[in-house]
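Engineer: There's a structure below that I have some questions on.
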Amino acid sequence: MNELTLLSRLAVALAIGLLVGLERGWKTREVGDGQRAAGLRTFALSGLLGGVAGALSQITSSWVLAAALLGHAGTFAAFRLLEARDDRDVSATGTVAAILTFMLGAFAVLGEVRVAVAAAVAMTLLLALRDPLHRWLRGLRWEEIRAILVLLSMSFLLLPVLPNRTIDPWGAVNPAEIWFLAILIAAISFGGYVAIRLFGDRLGVLMAALAGGLASSTATTLTLSRFARSTPGLENTLSAGILLAGAVMAVRVCVIVGLLNQGLALELVLPLAAMLAVMGLGILVLLFSRRHTMSGNQAALATSNPLELATALKLSAFIAIVLLAAGAAKAYIGDSAVLAVAAVSGIADVDAVTISMARLGGQSIGSETALIAIAIAIAVNTLTKSVMAAFIGGRGVGVPVMVINLLALAAGTLLLLLLP
């Protein structure tokens with residue numbers, strides 16, 4: 001390591017200490033000089049000490065770094081103990097933060113600078129958000145803790161051990177992808193639950209629909225429809241949320257096609273814009289209707305179950321069956337089954353058809369066929385969500401969603417037919 005590199009890394013180590021020290025010093029700014037164990041200067045020196053110890057260990061022995069760490073930790077702990085006796089504060093956060101600041105200073109010299117800086121920023125955020133985190137923890141329910149643990153188990157324990165390859169003869173079903181879809185559906189359900197608790201019924205539903213539509217409008221429709229079944233009186237709000245998720249899906253399709261096939265995107269943009277205009281108008285009517293205002297004061301969403309795990313597993317299993325059927329149809333019928341496959345796949349989602357058609361359109365598949373396949377997938381998916389909303393959410397949600405979706409599909413189809 002040359003001199004310039006060493007100086008720059010030591011500067012990063014000092015900056016890490018200053019960053020943490022700024023937060024620690026601000027928290028204890030009301031305490032007089034000499035009455036606190038550590039502040040801005042002490043943490044800045046801790047980061048620089050770690051960097052210097054790391055540099056010395058490179059030219060001497062790793063024991064130098066170990067001895068410096070033990071000395072730093074012991075000294076800091078001793079002064080923190082004296083401070084705790086005076087103010088009766090038994091928190092170990094300051095001591096842990098000082099040790100971590102020293103270690104990140106050393107890592108900035110010995111390892112990856114960007115990783116050290118990222119870890120320092122994360123530590124500072126955790127320290128600065130103490131009060132909001134404590135309030136959030138006090139407000140947690142057991143159902144929410146259980147939901148978080150289940151999601152983490154699904155994501156980090158089960159997902160890595162599933163085979164990430166297709167297991168059927170037609171190369172359609174990938175267990176890891178299906179399980180990831182189950183995680184996604186469950187996460188959308190949990191996200192909707194959190195959004196409603198944080199922002200209230202009306203804004204929470206819209207926030208959940210907006211975020212959920214980016215991932216899966218089908219799963220979002222399922223979640224909001226279940227809310228409607230358990231809580232009558234908020235049908236217009238939930239209908240608007242379902243339509244918003246569908247509108248986000250249409251925008252997502254246009255963006256995906258635009259990134260992969262600009263020519264195909266130009267043919268899709270006007271029909272999709274017509275759909276979005278009708279959906280947007282329908283959302284505004286639902287949100288500002290008199291019925292919405294009256295019902296919104298009489299009901300609150302029942303959000304006792306933050307994680308619809310059984311529903312997520314059932315929908316994922318259904319999608320796996322649809323993919324298997326689509327793979328078999330394509331294998332036995334050939335390329336002429338592209339439109340049929342698009343229709344069947346659209347029952348679950350439109351992304352697979354959108355990506356494949358955007359890649360193949362104008363090459364192994366004609367542009368007109370690719371365009372029609374994407375349009376069929378969007379239409380089938382929109383109708384499927386309408387039926388799902390009616391079947392699960394009841395007439396109060398099903399009727400407005402069905403009517404507005406049919407009008408949107410009619411507008412998009414009309415433009416698609418009229419355009420050359």
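Identifiers in this document derive from the order of the structure tokens: chains are assigned A, B, ..., residues are numbered from 1 separately in each chain, and ligands are numbered from 1 in order of occurrence.
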Can you list, as a tab-separated table (two decimals) with N, CA, C and O atoms, in the first residue's frame, every protein, DNA or RNA residue that comes within 8 Å of Asn261 (chain A) when you count only C-alpha atoms, leaving out same-chain residues fewer than 2 positions away?

Structural biologist:
chain	number	residue	atom	x	y	z
A	257	VAL	N	-41.59	-3.52	-21.95
A	257	VAL	CA	-41.52	-3.66	-23.41
A	257	VAL	C	-40.63	-2.56	-23.99
A	257	VAL	O	-39.85	-2.81	-24.92
A	258	GLY	N	-40.74	-1.35	-23.46
A	258	GLY	CA	-39.91	-0.26	-23.96
A	258	GLY	C	-38.43	-0.52	-23.79
A	258	GLY	O	-37.62	-0.14	-24.64
A	259	LEU	N	-38.05	-1.17	-22.69
A	259	LEU	CA	-36.63	-1.48	-22.47
A	259	LEU	C	-36.12	-2.58	-23.38
A	259	LEU	O	-34.93	-2.60	-23.73
A	263	GLY	N	-39.82	-0.77	-30.77
A	263	GLY	CA	-40.83	-0.77	-31.82
A	263	GLY	C	-42.16	-1.31	-31.33
A	263	GLY	O	-43.23	-0.75	-31.62
A	264	LEU	N	-42.11	-2.38	-30.58
A	264	LEU	CA	-43.33	-2.97	-30.02
A	264	LEU	C	-43.96	-2.03	-28.99
A	264	LEU	O	-45.19	-1.94	-28.89
A	265	ALA	N	-43.11	-1.33	-28.23
A	265	ALA	CA	-43.62	-0.41	-27.21
A	265	ALA	C	-44.41	0.73	-27.84
A	265	ALA	O	-45.43	1.17	-27.30
A	358	ALA	N	-41.60	-9.52	-25.84
A	358	ALA	CA	-40.76	-8.37	-26.17
A	358	ALA	C	-39.40	-8.81	-26.71
A	358	ALA	O	-38.84	-8.17	-27.62
A	359	ARG	N	-38.89	-9.91	-26.21
A	359	ARG	CA	-37.61	-10.42	-26.70
A	359	ARG	C	-37.73	-11.08	-28.06
A	359	ARG	O	-36.84	-10.96	-28.92
A	361	GLY	N	-40.42	-10.78	-30.27
A	361	GLY	CA	-41.20	-10.04	-31.26
A	361	GLY	C	-40.33	-9.43	-32.34
A	361	GLY	O	-39.37	-8.70	-32.04

Engineer: Compile the contact shell of region 402-414 of chain A as a list in words: residues with an atom at most 7 Å away, counting only C-alpha atoms, same-chain residues fewer than 5 positions apart removed.

Structural biologist: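 Within the cut-off, the hits are Pro271, Leu272, Ala274, Met275, Val278, Met279, Gly282, Ala379, Thr382 and Ser386 of chain A.
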
Engineer: At a cut-off of 12 Å, using only C-alpha atoms, what residues contact Ala211 (chain A)? Leave out same-chain residues fewer than 3 positions from it and give the result as number ranges by chain.

Structural biologist: A: 184, 187-192, 194-195, 204-208, 214-217, 219-220, 241-242, 244-249, 252

Engineer: Mind dumping the selected residues with N, CA, C and O atoms as an mmCIF file, in the first residue's frame?

Structural biologist:
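The new file again-v6.cif reads:
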data_model
loop_
_atom_site.group_PDB
_atom_site.id
_atom_site.type_symbol
_atom_site.label_atom_id
_atom_site.label_comp_id
_atom_site.auth_asym_id
_atom_site.auth_seq_id
_atom_site.Cartn_x
_atom_site.Cartn_y
_atom_site.Cartn_z
ATOM 1 N N LEU A 184 -43.353 -13.275 -2.185
ATOM 2 C CA LEU A 184 -43.782 -11.975 -2.701
ATOM 3 C C LEU A 184 -45.234 -11.695 -2.342
ATOM 4 O O LEU A 184 -45.587 -10.594 -1.886
ATOM 5 N N ALA A 187 -45.489 -11.056 1.325
ATOM 6 C CA ALA A 187 -44.910 -9.752 1.654
ATOM 7 C C ALA A 187 -45.854 -8.620 1.265
ATOM 8 O O ALA A 187 -45.950 -7.605 1.976
ATOM 9 N N ILE A 188 -46.562 -8.766 0.141
ATOM 10 C CA ILE A 188 -47.530 -7.742 -0.261
ATOM 11 C C ILE A 188 -48.658 -7.661 0.756
ATOM 12 O O ILE A 188 -49.113 -6.570 1.121
ATOM 13 N N SER A 189 -49.123 -8.815 1.223
ATOM 14 C CA SER A 189 -50.156 -8.834 2.245
ATOM 15 C C SER A 189 -49.679 -8.117 3.509
ATOM 16 O O SER A 189 -50.399 -7.293 4.092
ATOM 17 N N PHE A 190 -48.448 -8.414 3.928
ATOM 18 C CA PHE A 190 -47.899 -7.771 5.114
ATOM 19 C C PHE A 190 -47.691 -6.270 4.881
ATOM 20 O O PHE A 190 -47.935 -5.448 5.765
ATOM 21 N N GLY A 191 -47.238 -5.921 3.668
ATOM 22 C CA GLY A 191 -47.046 -4.508 3.356
ATOM 23 C C GLY A 191 -48.353 -3.737 3.389
ATOM 24 O O GLY A 191 -48.399 -2.595 3.874
ATOM 25 N N GLY A 192 -49.431 -4.354 2.898
ATOM 26 C CA GLY A 192 -50.736 -3.705 2.978
ATOM 27 C C GLY A 192 -51.188 -3.511 4.409
ATOM 28 O O GLY A 192 -51.736 -2.464 4.778
ATOM 29 N N VAL A 194 -49.234 -3.181 7.062
ATOM 30 C CA VAL A 194 -48.415 -2.128 7.665
ATOM 31 C C VAL A 194 -48.858 -0.748 7.166
ATOM 32 O O VAL A 194 -48.970 0.213 7.941
ATOM 33 N N ALA A 195 -49.106 -0.647 5.847
ATOM 34 C CA ALA A 195 -49.505 0.645 5.282
ATOM 35 C C ALA A 195 -50.815 1.131 5.892
ATOM 36 O O ALA A 195 -50.964 2.322 6.194
ATOM 37 N N GLY A 204 -53.717 4.333 3.331
ATOM 38 C CA GLY A 204 -53.001 3.062 3.470
ATOM 39 C C GLY A 204 -53.310 2.100 2.346
ATOM 40 O O GLY A 204 -52.419 1.424 1.821
ATOM 41 N N VAL A 205 -54.589 2.017 1.959
ATOM 42 C CA VAL A 205 -54.977 1.138 0.842
ATOM 43 C C VAL A 205 -54.299 1.587 -0.448
ATOM 44 O O VAL A 205 -53.780 0.767 -1.216
ATOM 45 N N LEU A 206 -54.294 2.879 -0.703
ATOM 46 C CA LEU A 206 -53.692 3.392 -1.937
ATOM 47 C C LEU A 206 -52.181 3.166 -1.951
ATOM 48 O O LEU A 206 -51.603 2.812 -2.993
ATOM 49 N N MET A 207 -51.529 3.367 -0.805
ATOM 50 C CA MET A 207 -50.094 3.118 -0.723
ATOM 51 C C MET A 207 -49.780 1.632 -0.956
ATOM 52 O O MET A 207 -48.849 1.276 -1.671
ATOM 53 N N ALA A 208 -50.594 0.763 -0.341
ATOM 54 C CA ALA A 208 -50.393 -0.672 -0.514
ATOM 55 C C ALA A 208 -50.629 -1.078 -1.963
ATOM 56 O O ALA A 208 -49.900 -1.913 -2.524
ATOM 57 N N LEU A 214 -46.502 -2.740 -8.275
ATOM 58 C CA LEU A 214 -45.168 -2.846 -8.858
ATOM 59 C C LEU A 214 -44.658 -4.279 -8.839
ATOM 60 O O LEU A 214 -43.843 -4.671 -9.681
ATOM 61 N N ALA A 215 -45.114 -5.054 -7.872
ATOM 62 C CA ALA A 215 -44.652 -6.443 -7.752
ATOM 63 C C ALA A 215 -45.628 -7.413 -8.398
ATOM 64 O O ALA A 215 -45.252 -8.199 -9.268
ATOM 65 N N SER A 216 -46.891 -7.377 -7.985
ATOM 66 C CA SER A 216 -47.893 -8.298 -8.524
ATOM 67 C C SER A 216 -49.276 -7.702 -8.281
ATOM 68 O O SER A 216 -49.767 -7.686 -7.155
ATOM 69 N N SER A 217 -49.907 -7.235 -9.362
ATOM 70 C CA SER A 217 -51.262 -6.682 -9.220
ATOM 71 C C SER A 217 -52.264 -7.778 -8.875
ATOM 72 O O SER A 217 -53.276 -7.507 -8.218
ATOM 73 N N ALA A 219 -51.693 -10.445 -6.886
ATOM 74 C CA ALA A 219 -51.598 -10.669 -5.442
ATOM 75 C C ALA A 219 -52.191 -9.498 -4.670
ATOM 76 O O ALA A 219 -52.829 -9.689 -3.625
ATOM 77 N N THR A 220 -52.009 -8.288 -5.170
ATOM 78 C CA THR A 220 -52.582 -7.122 -4.510
ATOM 79 C C THR A 220 -54.102 -7.160 -4.557
ATOM 80 O O THR A 220 -54.785 -6.841 -3.574
ATOM 81 N N GLY A 241 -58.279 0.905 -4.846
ATOM 82 C CA GLY A 241 -56.951 0.315 -4.679
ATOM 83 C C GLY A 241 -56.683 -0.790 -5.684
ATOM 84 O O GLY A 241 -55.587 -0.882 -6.249
ATOM 85 N N ILE A 242 -57.681 -1.641 -5.929
ATOM 86 C CA ILE A 242 -57.513 -2.724 -6.909
ATOM 87 C C ILE A 242 -57.280 -2.150 -8.304
ATOM 88 O O ILE A 242 -56.416 -2.617 -9.061
ATOM 89 N N LEU A 244 -56.050 0.800 -8.984
ATOM 90 C CA LEU A 244 -54.734 1.441 -8.996
ATOM 91 C C LEU A 244 -53.639 0.413 -9.228
ATOM 92 O O LEU A 244 -52.691 0.658 -9.984
ATOM 93 N N ALA A 245 -53.745 -0.756 -8.582
ATOM 94 C CA ALA A 245 -52.758 -1.820 -8.810
ATOM 95 C C ALA A 245 -52.774 -2.267 -10.265
ATOM 96 O O ALA A 245 -51.718 -2.523 -10.870
ATOM 97 N N GLY A 246 -53.966 -2.361 -10.875
ATOM 98 C CA GLY A 246 -54.057 -2.709 -12.287
ATOM 99 C C GLY A 246 -53.446 -1.651 -13.182
ATOM 100 O O GLY A 246 -52.798 -1.964 -14.186
ATOM 101 N N ALA A 247 -53.627 -0.384 -12.830
ATOM 102 C CA ALA A 247 -53.024 0.695 -13.612
ATOM 103 C C ALA A 247 -51.502 0.652 -13.529
ATOM 104 O O ALA A 247 -50.806 0.855 -14.534
ATOM 105 N N VAL A 248 -50.986 0.365 -12.341
ATOM 106 C CA VAL A 248 -49.532 0.228 -12.190
ATOM 107 C C VAL A 248 -49.022 -0.933 -13.030
ATOM 108 O O VAL A 248 -47.946 -0.868 -13.638
ATOM 109 N N MET A 249 -49.790 -2.025 -13.096
ATOM 110 C CA MET A 249 -49.415 -3.163 -13.937
ATOM 111 C C MET A 249 -49.293 -2.749 -15.404
ATOM 112 O O MET A 249 -48.343 -3.129 -16.099
ATOM 113 N N ARG A 252 -46.175 -0.831 -15.868
ATOM 114 C CA ARG A 252 -45.028 -1.739 -15.784
ATOM 115 C C ARG A 252 -44.826 -2.489 -17.092
ATOM 116 O O ARG A 252 -43.691 -2.658 -17.558
#

Engineer: With a distance cut-off of 8 Å and only C-alpha atoms, select the neighbouring residues of region 363-374 of chain A, excluding the residue or stretch itself and same-chain residues fewer than 4 positions from it, and output the selection as JSON, numbers by chain.

Structural biologist: {"A": [264, 267, 268, 338, 339, 342, 343, 350, 353, 354, 357, 358, 378]}

Engineer: Keeping only N, CA and C atoms, take the residues you just selected and write them out as a PDB file, in the first residue's frame.

Structural biologist:
ATOM      1  N   LEU A 264     -42.111  -2.379 -30.575  1.00  0.00           N
ATOM      2  CA  LEU A 264     -43.332  -2.967 -30.020  1.00  0.00           C
ATOM      3  C   LEU A 264     -43.962  -2.033 -28.988  1.00  0.00           C
ATOM      4  N   GLU A 267     -46.243   0.612 -30.423  1.00  0.00           N
ATOM      5  CA  GLU A 267     -47.569   0.124 -30.802  1.00  0.00           C
ATOM      6  C   GLU A 267     -48.460  -0.101 -29.578  1.00  0.00           C
ATOM      7  N   LEU A 268     -47.861  -0.301 -28.421  1.00  0.00           N
ATOM      8  CA  LEU A 268     -48.622  -0.573 -27.204  1.00  0.00           C
ATOM      9  C   LEU A 268     -48.990   0.677 -26.428  1.00  0.00           C
ATOM     10  N   VAL A 338     -48.757 -19.973 -29.170  1.00  0.00           N
ATOM     11  CA  VAL A 338     -48.268 -18.798 -28.449  1.00  0.00           C
ATOM     12  C   VAL A 338     -49.418 -18.000 -27.848  1.00  0.00           C
ATOM     13  N   LEU A 339     -50.471 -17.780 -28.629  1.00  0.00           N
ATOM     14  CA  LEU A 339     -51.598 -16.986 -28.134  1.00  0.00           C
ATOM     15  C   LEU A 339     -52.340 -17.717 -27.026  1.00  0.00           C
ATOM     16  N   ALA A 342     -50.294 -17.418 -23.966  1.00  0.00           N
ATOM     17  CA  ALA A 342     -50.422 -16.068 -23.417  1.00  0.00           C
ATOM     18  C   ALA A 342     -51.717 -15.930 -22.630  1.00  0.00           C
ATOM     19  N   ALA A 343     -52.797 -16.506 -23.157  1.00  0.00           N
ATOM     20  CA  ALA A 343     -54.075 -16.421 -22.462  1.00  0.00           C
ATOM     21  C   ALA A 343     -54.037 -17.172 -21.139  1.00  0.00           C
ATOM     22  N   VAL A 350     -48.720 -11.201 -16.023  1.00  0.00           N
ATOM     23  CA  VAL A 350     -48.429 -10.799 -17.398  1.00  0.00           C
ATOM     24  C   VAL A 350     -46.935 -10.649 -17.657  1.00  0.00           C
ATOM     25  N   VAL A 353     -45.193 -13.382 -20.064  1.00  0.00           N
ATOM     26  CA  VAL A 353     -45.564 -13.198 -21.466  1.00  0.00           C
ATOM     27  C   VAL A 353     -44.960 -11.905 -22.013  1.00  0.00           C
ATOM     28  N   THR A 354     -45.005 -10.842 -21.219  1.00  0.00           N
ATOM     29  CA  THR A 354     -44.479  -9.554 -21.679  1.00  0.00           C
ATOM     30  C   THR A 354     -42.996  -9.642 -22.017  1.00  0.00           C
ATOM     31  N   MET A 357     -42.388 -12.111 -25.118  1.00  0.00           N
ATOM     32  CA  MET A 357     -42.837 -11.543 -26.395  1.00  0.00           C
ATOM     33  C   MET A 357     -41.996 -10.335 -26.801  1.00  0.00           C
ATOM     34  N   ALA A 358     -41.599  -9.521 -25.841  1.00  0.00           N
ATOM     35  CA  ALA A 358     -40.756  -8.365 -26.171  1.00  0.00           C
ATOM     36  C   ALA A 358     -39.404  -8.811 -26.713  1.00  0.00           C
ATOM     37  N   ILE A 378     -52.797  -9.220 -21.030  1.00  0.00           N
ATOM     38  CA  ILE A 378     -53.307  -8.105 -20.223  1.00  0.00           C
ATOM     39  C   ILE A 378     -54.819  -8.231 -20.039  1.00  0.00           C
TER      40      ILE A 378
END

Engineer: One decimal, Å: what's the distance from CA of Leu129 (chain A) over to CA of Ile99 (chain A), could you say?

Structural biologist: 19.4 Å

Engineer: Just checking: using only C-alpha atoms, which residue out of A:Thr166, A:Ser8, A:Thr237, A:Ser356 ends up closest to Val253 (chain A)?

Structural biologist: A:Ser356

Engineer: Report as a ChimeraX atom specification: the residues of region 139-342 of chain A with a DSSP assignment of helix (DSSP H, G or I), based on the backbone of this structure.

Structural biologist: /A:139,142-161,175-199,201-215,217-230,235-260,262-287,290-296,309-333,335-342

Engineer: What gap, in Å, lies between CA of Ala182 (chain A) and CA of Gly212 (chain A)?

Structural biologist: 13.6 Å

Engineer: Set the distance at 7 Å and use only C-alpha atoms: which residues neighbour region 15-25 of chain A once local chain neighbours fewer than 3 positions away are removed? I'd like the list as an MDAnalysis selection string.

Structural biologist: chainID A and resid 11:12 28:29 39:41 43:48 101 105 117 120 124 128

Engineer: Leaving out Ile148 (chain A) and any residue of its chain fewer than 4 positions from it, which residues lie within 10 Å of it when counting only C-alpha atoms, given as a list in words?

Structural biologist: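 In the requested format, the answer is Trp142, Glu143, Glu144, Leu152, Ser153, Met154, Ala187, Phe190, Pro306 and Leu307 of chain A.
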
Engineer: I'd like to know which of A:Ile321, A:Ala53, A:Ile333, A:Val397 is closest to Pro175 (chain A), using only C-alpha atoms.

Structural biologist: A:Ile321

Engineer: Mind pulling up the distance from CA of Gly51 (chain A) to CA of Leu10 (chain A)?

Structural biologist: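 So the two atoms, CA of Leu10 (chain A) and CA of Gly51 (chain A), lie 5.6 Å apart.
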
Engineer: Which is closest to Ala97 (chain A) among A:Glu83, A:Phe318, A:Phe76, A:Val115, if we use only C-alpha atoms?

Structural biologist: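 Checking each of A:Glu83, A:Phe318, A:Phe76, A:Val115 against Ala97 (chain A), counting only C-alpha atoms, the winner is A:Phe76.
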
Engineer: Hey, what's within 7 Å of Ala116 (chain A) if we count only C-alpha atoms and toss same-chain stuff fewer than 5 positions away? As a CSV table (one decimal) with N, CA and C atoms, in the first residue's frame, please?

Structural biologist:
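Dumped to part-v4.csv:
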chain,number,residue,atom,x,y,z
A,104,LEU,N,-14.4,-0.6,12.4
A,104,LEU,CA,-14.7,-0.1,11.1
A,104,LEU,C,-13.5,0.8,10.6
A,107,PHE,N,-11.1,-1.7,9.5
A,107,PHE,CA,-11.5,-2.3,8.2
A,107,PHE,C,-11.3,-1.4,7.0
A,108,ALA,N,-11.5,-0.1,7.3
A,108,ALA,CA,-11.3,0.9,6.2
A,108,ALA,C,-9.9,0.9,5.7

Engineer: Which residue gives the smallest distance to Tyr332 (chain A) among A:Leu49, A:Arg202, A:Leu159, A:Trp170, with only C-alpha atoms counted?

Structural biologist: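 Of the candidates, the smallest distance to Tyr332 (chain A) is held by A:Trp170.
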